[in-house]
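Comments concern the structure below.
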Amino acid sequence: MQALVQLALGAIRSHGLRSLLSLLGIAVGIAAVIVLTSIGEGTRRYILGQFSQFGTNLIAIHPGKAKTSGMPGVFGGSTKHLTLDDAVALGRIPGVGKVVPTVAGSARVEAAGRSRNVIVQGVTPDFEDVFHIRVRYGSFWPETDPRRGSQYAVLGPKLARELFPDASPLGEFVRVGTTRFRVCGVMEPKGSMLGIDLDDMAYLPVASALALFDLRDLTEIDLDYQPIEATERVRDDVVRVLSERHGEEDFTVTTQQAMVDVFGNVMTVITTAVGAIAGISLLVGAIGILTVMWIAVRERTSEVGLLRAIGASRLQVAGLFLAEAGAVALVGGAAGVALGLAIGAALRLAVPGLPVSTPLSFVLAALAVSGGVGLLSGVLPARRAARLDPIEALRGD
């Protein structure tokens, strides 16, 4: 075996440029697969992290029954109302913890001669516990019947800095639309989620927000539940309670875990598809190795004849050419992995917000694929070399 490896490496060195070109083809293919699948995997983890940061024991109810795929109330759905009374009724379901009726809109928030147009959410104080977003300074307004409004507001940290750059906003008044609210809290920084800046928002009591936007129905109702294993039971109870109240199932219930699973599956498919597209360059590299090895068999006919004449078996001759192809592919694969990791690191530095993640399994799979590609592309030339007649091979020099 050692002699076989030495012969293979010697043959590679003796045809350095040709071997380098074959190696380069594999390296570029592996690097492309590593980079694209790393971006896909990083994006998948990023999106799942964005949703999972709020927990997985959440259920969201939207108005309108989604009869086809897509968002409820759009194509193929009928839009009905979700009310604050619905939210109160859902809070009585066994296993349901906190319920947050929500309404959202855009409004101008003004204070101290400064103003910003931001997203305004009408919520309840249970918003903290359901979505794991805490108040950093101050607190939410006192817990009351959600159907009763109050003149309190909680600001996102970015909005608070923009409106009150030199002073604490606690206790100060802000004007949201045409209504004045007293600031009772500032949220902790949370960053962005799918392009929405959670730090540049204002939170009002849901009844006050409904009055501000002149609305009767809620945007959605969110609730958490325990234990996590009770997902299906709680979901069925939510459907039953709302169907009894509405007379029909004119709403859509989505569990957070189901949403996470769907996004995870979609991103896995996308990552696989992107990796397969990048794998086309691997096919090109394999064709390059096949071509080089086929030419090598013709050029080294006399060498094959000599090997056979001194007692080498057909299997040993075939093994020599397979070893050459496999070595070129493995070295090219290793170089491609290194190149792919280097490009990934450069992308992280150049574009800090770009999610790039390269699991160890990707690296091992890339090396295995490169070795397999080399062996497969060397099979036909190896068989051709093994079948050469030793006398004819020696005569052909």
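Every chain in the structure tokens takes a letter, A first, then B, and so on in the order presented; its residues are numbered from 1, and the ligands are numbered from 1 following the presented order.
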| Within 10 Å of segment 227-243 of chain A using only C-alpha atoms, minus same-chain residues under 6 positions, as a list in words | Thr56, Asn57, Leu58, Ile59, Ala60, Ile61, Leu82, Asp86, Ala87, Ala89, Leu90, Gly91, Arg92, Ile93, Pro94, Gly95, Val96, Gly97, Glu249, Asp250, Phe251, Thr252, Val253, Thr254, Thr255, Gln256 and Gln257 of chain A
| message | DSSP on the backbone, helix (DSSP H, G or I) only: what residues of segment 123-337 of chain A does that give? Format it as a ChimeraX atom specification. | response | /A:127-131,157-163,206-212,228-246,256-299,301-309,314-337
| Which residues, written as a PyMOL selection string, have at least one atom at most 12 Å from Val33 of chain A, with only C-alpha atoms counted and residues fewer than 6 positions away on the same chain left out? | chain A and resi 26-27+39-41+271-283+333+336-337+339-341+343-344+358+362-363+365-367+369-370
Just N, CA and C atoms for this one: save the residues we selected as a compact mmCIF listing (two decimals), in the first residue's frame.
```txt
# COMPACT_ATOMS: atom_id res chain seq x y z
N ILE A 26 -11.68 21.14 -8.34
CA ILE A 26 -12.35 20.59 -7.17
C ILE A 26 -12.41 21.63 -6.05
N ALA A 27 -11.30 22.37 -5.86
CA ALA A 27 -11.24 23.35 -4.78
C ALA A 27 -12.30 24.44 -4.95
N ILE A 39 -24.04 30.26 4.17
CA ILE A 39 -24.96 31.40 4.20
C ILE A 39 -26.39 30.91 4.42
N GLY A 40 -26.76 29.83 3.71
CA GLY A 40 -28.10 29.27 3.89
C GLY A 40 -28.34 28.78 5.31
N GLU A 41 -27.38 28.06 5.87
CA GLU A 41 -27.51 27.56 7.24
C GLU A 41 -27.51 28.71 8.25
N THR A 271 -31.41 25.77 1.54
CA THR A 271 -29.98 25.52 1.70
C THR A 271 -29.53 24.33 0.85
N THR A 272 -30.35 23.28 0.86
CA THR A 272 -30.03 22.09 0.06
C THR A 272 -30.02 22.42 -1.43
N ALA A 273 -31.01 23.20 -1.87
CA ALA A 273 -31.08 23.57 -3.28
C ALA A 273 -29.89 24.42 -3.70
N VAL A 274 -29.53 25.38 -2.85
CA VAL A 274 -28.38 26.23 -3.15
C VAL A 274 -27.10 25.40 -3.20
N GLY A 275 -26.97 24.47 -2.24
CA GLY A 275 -25.80 23.61 -2.24
C GLY A 275 -25.74 22.75 -3.49
N ALA A 276 -26.91 22.28 -3.95
CA ALA A 276 -26.95 21.46 -5.16
C ALA A 276 -26.53 22.27 -6.39
N ILE A 277 -26.97 23.54 -6.44
CA ILE A 277 -26.58 24.41 -7.55
C ILE A 277 -25.07 24.62 -7.55
N ALA A 278 -24.54 24.89 -6.35
CA ALA A 278 -23.08 25.06 -6.24
C ALA A 278 -22.36 23.77 -6.60
N GLY A 279 -23.02 22.63 -6.37
CA GLY A 279 -22.40 21.35 -6.67
C GLY A 279 -22.15 21.12 -8.14
N ILE A 280 -22.78 21.94 -9.01
CA ILE A 280 -22.52 21.82 -10.44
C ILE A 280 -21.03 22.05 -10.72
N SER A 281 -20.42 22.97 -9.97
CA SER A 281 -18.99 23.21 -10.17
C SER A 281 -18.17 21.98 -9.76
N LEU A 282 -18.69 21.19 -8.81
CA LEU A 282 -18.02 19.94 -8.47
C LEU A 282 -18.06 18.97 -9.63
N LEU A 283 -19.19 18.96 -10.34
CA LEU A 283 -19.31 18.10 -11.51
C LEU A 283 -18.29 18.49 -12.56
N GLY A 333 -10.20 19.12 -2.25
CA GLY A 333 -11.29 19.32 -1.30
C GLY A 333 -10.83 20.06 -0.07
N GLY A 336 -10.33 23.57 -0.95
CA GLY A 336 -11.63 24.20 -1.12
C GLY A 336 -12.29 24.53 0.21
N VAL A 337 -12.17 23.61 1.18
CA VAL A 337 -12.72 23.88 2.52
C VAL A 337 -12.03 25.09 3.15
N LEU A 339 -10.49 27.49 1.60
CA LEU A 339 -10.89 28.69 0.85
C LEU A 339 -12.30 29.12 1.23
N GLY A 340 -13.21 28.14 1.35
CA GLY A 340 -14.59 28.46 1.73
C GLY A 340 -14.68 29.09 3.11
N LEU A 341 -13.93 28.52 4.08
CA LEU A 341 -13.93 29.09 5.43
C LEU A 341 -13.33 30.50 5.44
N ILE A 343 -13.37 32.65 2.92
CA ILE A 343 -14.36 33.55 2.32
C ILE A 343 -15.47 33.86 3.32
N GLY A 344 -15.91 32.81 4.06
CA GLY A 344 -16.94 33.02 5.07
C GLY A 344 -16.50 34.01 6.14
N THR A 358 -20.96 27.72 9.52
CA THR A 358 -20.43 26.51 8.87
C THR A 358 -20.28 25.41 9.90
N PHE A 362 -20.76 20.08 7.74
CA PHE A 362 -20.59 20.57 6.37
C PHE A 362 -19.17 20.33 5.89
N VAL A 363 -18.20 20.59 6.75
CA VAL A 363 -16.79 20.41 6.39
C VAL A 363 -16.49 18.95 6.11
N ALA A 365 -18.62 16.60 5.35
CA ALA A 365 -19.35 16.17 4.15
C ALA A 365 -18.64 16.64 2.89
N ALA A 366 -18.10 17.86 2.91
CA ALA A 366 -17.39 18.38 1.73
C ALA A 366 -16.16 17.53 1.42
N LEU A 367 -15.41 17.17 2.46
CA LEU A 367 -14.23 16.33 2.24
C LEU A 367 -14.63 14.95 1.72
N VAL A 369 -17.33 14.20 0.03
CA VAL A 369 -17.80 14.35 -1.35
C VAL A 369 -16.64 14.51 -2.31
N SER A 370 -15.64 15.32 -1.91
CA SER A 370 -14.51 15.51 -2.81
C SER A 370 -13.76 14.21 -3.04
```
| request: Pull the strand (DSSP E) assignments for segment 97-245 of chain A out of DSSP run on the backbone, and list those residues as a PyMOL selection string. | output: chain A and resi 97-111+114-123+135-138+152-155+173-176+179-187+192-193+196-197+201-205+220-225
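Proximity to Phe140 of chain A was assessed for A:Leu198, A:Cys184, A:Val331, A:Val103 counting only C-alpha atoms; the smallest distance is recorded for A:Cys184.
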So that I can see what lies close to segment 111-123 of chain A, please list as a PDB file with N, CA, C and O atoms, in the first residue's frame the residues with an atom at most 7 Å from it, counting only C-alpha atoms and leaving out residues fewer than 4 positions away in the same chain.
```pdb
ATOM      1  N   VAL A 100     -52.467  38.328  25.498  1.00  0.00           N
ATOM      2  CA  VAL A 100     -52.143  39.696  25.075  1.00  0.00           C
ATOM      3  C   VAL A 100     -52.937  40.042  23.815  1.00  0.00           C
ATOM      4  O   VAL A 100     -52.580  39.616  22.713  1.00  0.00           O
ATOM      5  N   PRO A 101     -54.028  40.792  23.953  1.00  0.00           N
ATOM      6  CA  PRO A 101     -54.705  41.322  22.762  1.00  0.00           C
ATOM      7  C   PRO A 101     -53.859  42.448  22.186  1.00  0.00           C
ATOM      8  O   PRO A 101     -53.323  43.289  22.922  1.00  0.00           O
ATOM      9  N   THR A 102     -53.716  42.467  20.883  1.00  0.00           N
ATOM     10  CA  THR A 102     -52.782  43.400  20.245  1.00  0.00           C
ATOM     11  C   THR A 102     -53.440  44.124  19.089  1.00  0.00           C
ATOM     12  O   THR A 102     -54.183  43.524  18.297  1.00  0.00           O
ATOM     13  N   VAL A 103     -53.143  45.418  19.003  1.00  0.00           N
ATOM     14  CA  VAL A 103     -53.502  46.199  17.829  1.00  0.00           C
ATOM     15  C   VAL A 103     -52.271  47.019  17.464  1.00  0.00           C
ATOM     16  O   VAL A 103     -51.535  47.480  18.337  1.00  0.00           O
ATOM     17  N   ALA A 104     -52.009  47.162  16.185  1.00  0.00           N
ATOM     18  CA  ALA A 104     -50.798  47.849  15.741  1.00  0.00           C
ATOM     19  C   ALA A 104     -51.131  48.862  14.660  1.00  0.00           C
ATOM     20  O   ALA A 104     -52.058  48.681  13.864  1.00  0.00           O
ATOM     21  N   GLY A 105     -50.368  49.926  14.660  1.00  0.00           N
ATOM     22  CA  GLY A 105     -50.518  50.950  13.641  1.00  0.00           C
ATOM     23  C   GLY A 105     -49.314  51.867  13.652  1.00  0.00           C
ATOM     24  O   GLY A 105     -48.394  51.702  14.447  1.00  0.00           O
ATOM     25  N   SER A 106     -49.328  52.849  12.773  1.00  0.00           N
ATOM     26  CA  SER A 106     -48.232  53.810  12.685  1.00  0.00           C
ATOM     27  C   SER A 106     -48.748  55.183  13.097  1.00  0.00           C
ATOM     28  O   SER A 106     -49.853  55.580  12.719  1.00  0.00           O
ATOM     29  N   ALA A 107     -47.955  55.881  13.901  1.00  0.00           N
ATOM     30  CA  ALA A 107     -48.377  57.202  14.376  1.00  0.00           C
ATOM     31  C   ALA A 107     -47.148  58.056  14.659  1.00  0.00           C
ATOM     32  O   ALA A 107     -46.041  57.548  14.863  1.00  0.00           O
ATOM     33  N   PHE A 127     -47.631  41.593  28.144  1.00  0.00           N
ATOM     34  CA  PHE A 127     -46.741  41.560  26.990  1.00  0.00           C
ATOM     35  C   PHE A 127     -45.330  41.153  27.400  1.00  0.00           C
ATOM     36  O   PHE A 127     -44.641  40.412  26.693  1.00  0.00           O
ATOM     37  N   LEU A 163     -36.238  61.083  21.522  1.00  0.00           N
ATOM     38  CA  LEU A 163     -37.144  62.105  22.038  1.00  0.00           C
ATOM     39  C   LEU A 163     -36.593  62.807  23.269  1.00  0.00           C
ATOM     40  O   LEU A 163     -36.861  63.995  23.493  1.00  0.00           O
ATOM     41  N   PHE A 173     -44.345  63.598  29.390  1.00  0.00           N
ATOM     42  CA  PHE A 173     -45.490  63.365  28.514  1.00  0.00           C
ATOM     43  C   PHE A 173     -45.034  63.294  27.060  1.00  0.00           C
ATOM     44  O   PHE A 173     -44.122  64.013  26.638  1.00  0.00           O
ATOM     45  N   VAL A 174     -45.673  62.423  26.312  1.00  0.00           N
ATOM     46  CA  VAL A 174     -45.491  62.359  24.864  1.00  0.00           C
ATOM     47  C   VAL A 174     -46.869  62.446  24.221  1.00  0.00           C
ATOM     48  O   VAL A 174     -47.880  62.049  24.825  1.00  0.00           O
ATOM     49  N   ARG A 175     -46.886  62.965  23.021  1.00  0.00           N
ATOM     50  CA  ARG A 175     -48.142  63.034  22.273  1.00  0.00           C
ATOM     51  C   ARG A 175     -48.093  61.998  21.169  1.00  0.00           C
ATOM     52  O   ARG A 175     -47.212  62.040  20.312  1.00  0.00           O
ATOM     53  N   ASP A 200     -37.503  50.835  18.299  1.00  0.00           N
ATOM     54  CA  ASP A 200     -38.047  52.120  17.842  1.00  0.00           C
ATOM     55  C   ASP A 200     -39.565  52.029  17.756  1.00  0.00           C
ATOM     56  O   ASP A 200     -40.162  52.282  16.716  1.00  0.00           O
ATOM     57  N   MET A 201     -40.179  51.672  18.881  1.00  0.00           N
ATOM     58  CA  MET A 201     -41.622  51.475  18.934  1.00  0.00           C
ATOM     59  C   MET A 201     -42.167  52.103  20.207  1.00  0.00           C
ATOM     60  O   MET A 201     -41.426  52.368  21.160  1.00  0.00           O
ATOM     61  N   ALA A 202     -43.466  52.322  20.219  1.00  0.00           N
ATOM     62  CA  ALA A 202     -44.159  52.792  21.417  1.00  0.00           C
ATOM     63  C   ALA A 202     -45.271  51.800  21.749  1.00  0.00           C
ATOM     64  O   ALA A 202     -45.904  51.229  20.851  1.00  0.00           O
ATOM     65  N   TYR A 203     -45.485  51.582  23.056  1.00  0.00           N
ATOM     66  CA  TYR A 203     -46.498  50.631  23.526  1.00  0.00           C
ATOM     67  C   TYR A 203     -47.532  51.382  24.355  1.00  0.00           C
ATOM     68  O   TYR A 203     -47.182  52.126  25.288  1.00  0.00           O
ATOM     69  N   LEU A 204     -48.795  51.177  24.004  1.00  0.00           N
ATOM     70  CA  LEU A 204     -49.910  51.817  24.697  1.00  0.00           C
ATOM     71  C   LEU A 204     -50.878  50.759  25.206  1.00  0.00           C
ATOM     72  O   LEU A 204     -50.891  49.628  24.706  1.00  0.00           O
ATOM     73  N   PRO A 205     -51.730  51.108  26.184  1.00  0.00           N
ATOM     74  CA  PRO A 205     -52.811  50.186  26.564  1.00  0.00           C
ATOM     75  C   PRO A 205     -53.682  49.882  25.350  1.00  0.00           C
ATOM     76  O   PRO A 205     -53.982  50.779  24.547  1.00  0.00           O
ATOM     77  N   VAL A 206     -54.055  48.630  25.190  1.00  0.00           N
ATOM     78  CA  VAL A 206     -54.715  48.205  23.958  1.00  0.00           C
ATOM     79  C   VAL A 206     -56.014  48.968  23.710  1.00  0.00           C
ATOM     80  O   VAL A 206     -56.317  49.332  22.564  1.00  0.00           O
ATOM     81  N   ALA A 209     -55.159  52.344  22.371  1.00  0.00           N
ATOM     82  CA  ALA A 209     -54.682  52.261  20.993  1.00  0.00           C
ATOM     83  C   ALA A 209     -55.846  52.068  20.026  1.00  0.00           C
ATOM     84  O   ALA A 209     -55.854  52.637  18.933  1.00  0.00           O
TER      85      ALA A 209
END
```
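Pairwise distance (atom CA of Ala160 of chain A, atom CA of Asp199 of chain A) equals 9.0 Å.
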| query | Could you name the residues that touch Val183 of chain A at 8 Å or less, counting only C-alpha atoms, but leaving out those on the same chain fewer than 5 positions away, as a ChimeraX atom specification? | reply | /A:152-155,169-174
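Distances here use only C-alpha atoms; by that measure, the residue among A:Gly64, A:Ala325, A:Ser22, A:Ser38 closest to Ser361 of chain A is A:Ser38.
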| said: Using Å and a single decimal, report how far atom CA of Asp217 of chain A sits from atom CA of His81 of chain A. | reply: 5.2 Å
| field | A:Ala346, A:Leu23, A:Val351, A:Ala338 ranked by distance to Gly374 of chain A, top pick (using only C-alpha atoms) | value | A:Leu23
